[in-house]
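Visitor: I have a structure I would like to understand better, so I am pasting it below and will then ask my questions one at a time.
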Amino acid sequence: MLHDPLKVRCRYALLVDHFTETADGKPVLVGAFERVLPMPQPNGDIIVSSGFLCVRLEASVAAGTKHELRVSLVDEHGQSFSDWNVNPMEMRPVTEGLGLQAAFSIRLGAIKVPSYGFYCWNIVVDGEVIAQCPMVVQQLVLPS
């Protein structure tokens with residue numbers, strides 16, 4: 001199936017341990033993962049507190065440069081409990097002839113999740129989920 005040239009598409013959405021970008025815009029992603037083992041909190045809270053969600057989006061020039069972007073963390077039942085809005089998201093030409101791109105990262109710092117289990121980061125552009133990135137939160141068992 002061909003891609004609709006008027007829509008934004010996701011090149012990648014990854015959870016990584018470390019993210020940086022070179023001076024010329026090249027992303028450097030280290031340690032891709034989907035499983036998170038949060039340290040136990042004294043009060044019983046489950047806090048995801050390390051890593052980044054890194055996303056690169058692409059679009060044709062026909063799709064335009066400004067789009068509404070939202071990232072939602074949802075549980076296995078589709079219940080959203082954390083949202084980030086990036087409005088407006090600006091797509092920019094990177095190399096002539098390759099269309100438009102946009103990249104962003106969200107630092108996973110102190111995100112409280114309700115329970116251990118399966119989660120998903122939904123990448124929503126112009127009201128449509130265009131990509132998903134899984135995240136499994138497992139209980140860390142410390143040796144006794």
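Residue numbering restarts at 1 in every chain; chains get A, B, ... in the order shown in the structure tokens, and ligands count up from 1 in that same order.
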Per residue of range 68-142 of chain A within 10 Å of range 15-38 of chain A, which atom pair is closest and at what distance in Å (one decimal), using only C-alpha atoms, listed by chain and increasing number, as CSV?
Guide:
residue,atom,partner,partner_atom,distance
A:Val94,CA,A:Gly25,CA,8.8
A:Ala103,CA,A:Pro27,CA,8.9
A:Ser105,CA,A:Phe19,CA,8.0
A:Ile106,CA,A:Leu15,CA,9.5
A:Arg107,CA,A:Phe19,CA,9.3
A:Leu108,CA,A:Leu15,CA,9.1
A:Tyr116,CA,A:Leu37,CA,9.4
A:Gly117,CA,A:Arg35,CA,9.9
A:Phe118,CA,A:Arg35,CA,9.3
A:Tyr119,CA,A:Glu34,CA,9.7
A:Cys120,CA,A:Glu34,CA,9.7
A:Trp121,CA,A:Leu15,CA,9.6
A:Cys133,CA,A:Leu15,CA,7.6
A:Pro134,CA,A:Glu34,CA,6.1
A:Met135,CA,A:Glu34,CA,4.7
A:Val136,CA,A:Arg35,CA,4.7
A:Val137,CA,A:Val36,CA,4.8
A:Gln138,CA,A:Leu37,CA,5.3
A:Gln139,CA,A:Leu37,CA,5.9
A:Leu140,CA,A:Leu37,CA,5.3
A:Val141,CA,A:Leu37,CA,8.9
Visitor: Write out as a count of residues only all residues of chain A that backbone DSSP assigns to strand (DSSP E).
Guide: 86
Visitor: Which polymer residues have any atom within 8 Å of an atom of Val86 in chain A, counting only C-alpha atoms, with same-chain residues fewer than 6 positions away left out, as a VMD selection string?
Guide: chain A and resid 68 to 70
Visitor: Write the residues of the preceding selection, restricted to C-alpha atoms, as a short mmCIF file (atom, residue, chain, number, x, y, z; two decimals), in the first residue's frame.
Guide:
data_model
loop_
_atom_site.label_atom_id
_atom_site.label_comp_id
_atom_site.auth_asym_id
_atom_site.auth_seq_id
_atom_site.Cartn_x
_atom_site.Cartn_y
_atom_site.Cartn_z
CA GLU A 68 -0.38 19.00 15.76
CA LEU A 69 1.65 16.46 17.72
CA ARG A 70 0.72 14.62 20.90
#
Visitor: Can you tell me, as a list in words, what residues are no more than 10 Å from Thr65 in chain A when counting only C-alpha atoms, ignoring any on the same chain fewer than 4 positions away?
Guide: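 The filter keeps Val8, Ala59, Ser60, Val61, Pro88, Met89, Glu90, Met91, Arg92, Pro93, Leu100, Gln101 and Ala102 of chain A.
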Visitor: Considering only C-alpha atoms, return as a list in words whatever protein or nucleic-acid residues lie within 10 Å of Lys112 in chain A, sequence-local ones (same chain, fewer than 5 positions apart) excluded.
Guide: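 Neighbouring residues, sequence-local ones excluded: Asp45, Ile46, Ile47, Val48, Ser49, Phe81 and Ser82 of chain A.
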Visitor: Take the selection from the previous step and output its residues with N, CA and C atoms, as a compact mmCIF listing (two decimals), in the first residue's frame.
Guide:
# COMPACT_ATOMS: atom_id res chain seq x y z
N ASP A 45 5.14 3.36 45.03
CA ASP A 45 4.95 3.93 43.70
C ASP A 45 5.87 3.24 42.69
N ILE A 46 5.42 3.20 41.45
CA ILE A 46 6.21 2.64 40.36
C ILE A 46 6.60 3.81 39.46
N ILE A 47 7.88 4.15 39.47
CA ILE A 47 8.37 5.32 38.77
C ILE A 47 9.37 4.91 37.68
N VAL A 48 9.04 5.22 36.43
CA VAL A 48 9.96 5.02 35.31
C VAL A 48 10.82 6.27 35.25
N SER A 49 12.12 6.11 35.40
CA SER A 49 12.93 7.32 35.56
C SER A 49 14.24 7.33 34.78
N PHE A 81 -2.79 7.98 30.40
CA PHE A 81 -2.62 8.66 31.68
C PHE A 81 -1.47 9.66 31.69
N SER A 82 -0.74 9.77 30.59
CA SER A 82 0.29 10.80 30.47
C SER A 82 0.29 11.30 29.04
Visitor: Near Val55 in chain A, within 7 Å and counting only C-alpha atoms, which residues show up once chain neighbours fewer than 2 positions away are dropped, as a list of chain:residue names?
Guide: A:Tyr12, A:Ala13, A:Leu14, A:Leu53, A:Leu57, A:Ala103, A:Phe104, A:Ser105
Visitor: Could you turn the residues from that selection into a file that holds N, CA and C atoms, as a tab-separated table (two decimals), in the first residue's frame?
Guide:
chain	number	residue	atom	x	y	z
A	12	TYR	N	11.00	6.31	12.90
A	12	TYR	CA	11.24	5.43	14.04
A	12	TYR	C	10.71	6.05	15.32
A	13	ALA	N	10.37	5.19	16.27
A	13	ALA	CA	10.00	5.57	17.64
A	13	ALA	C	10.62	4.50	18.53
A	14	LEU	N	11.64	4.90	19.30
A	14	LEU	CA	12.43	3.96	20.09
A	14	LEU	C	12.63	4.45	21.51
A	53	LEU	N	12.39	8.55	24.99
A	53	LEU	CA	11.60	8.15	23.84
A	53	LEU	C	12.07	9.05	22.71
A	57	LEU	N	10.10	11.84	12.45
A	57	LEU	CA	8.95	11.86	11.55
A	57	LEU	C	9.37	12.38	10.18
A	103	ALA	N	12.26	15.77	14.44
A	103	ALA	CA	12.71	14.80	15.44
A	103	ALA	C	12.50	15.40	16.81
A	104	PHE	N	12.19	14.56	17.78
A	104	PHE	CA	12.06	15.02	19.16
A	104	PHE	C	12.36	13.86	20.09
A	105	SER	N	12.64	14.20	21.33
A	105	SER	CA	12.84	13.17	22.35
A	105	SER	C	12.16	13.63	23.62
Visitor: Enter the distance from CA of Lys66 in chain A to CA of Asp126 in chain A, in Å, rounded to one decimal.
Guide: 9.7 Å
Visitor: Nearest residue to Gly99 in chain A out of A:Val129, A:Leu142, A:Ala62, A:Cys10, using only C-alpha atoms?
Guide: A:Ala62
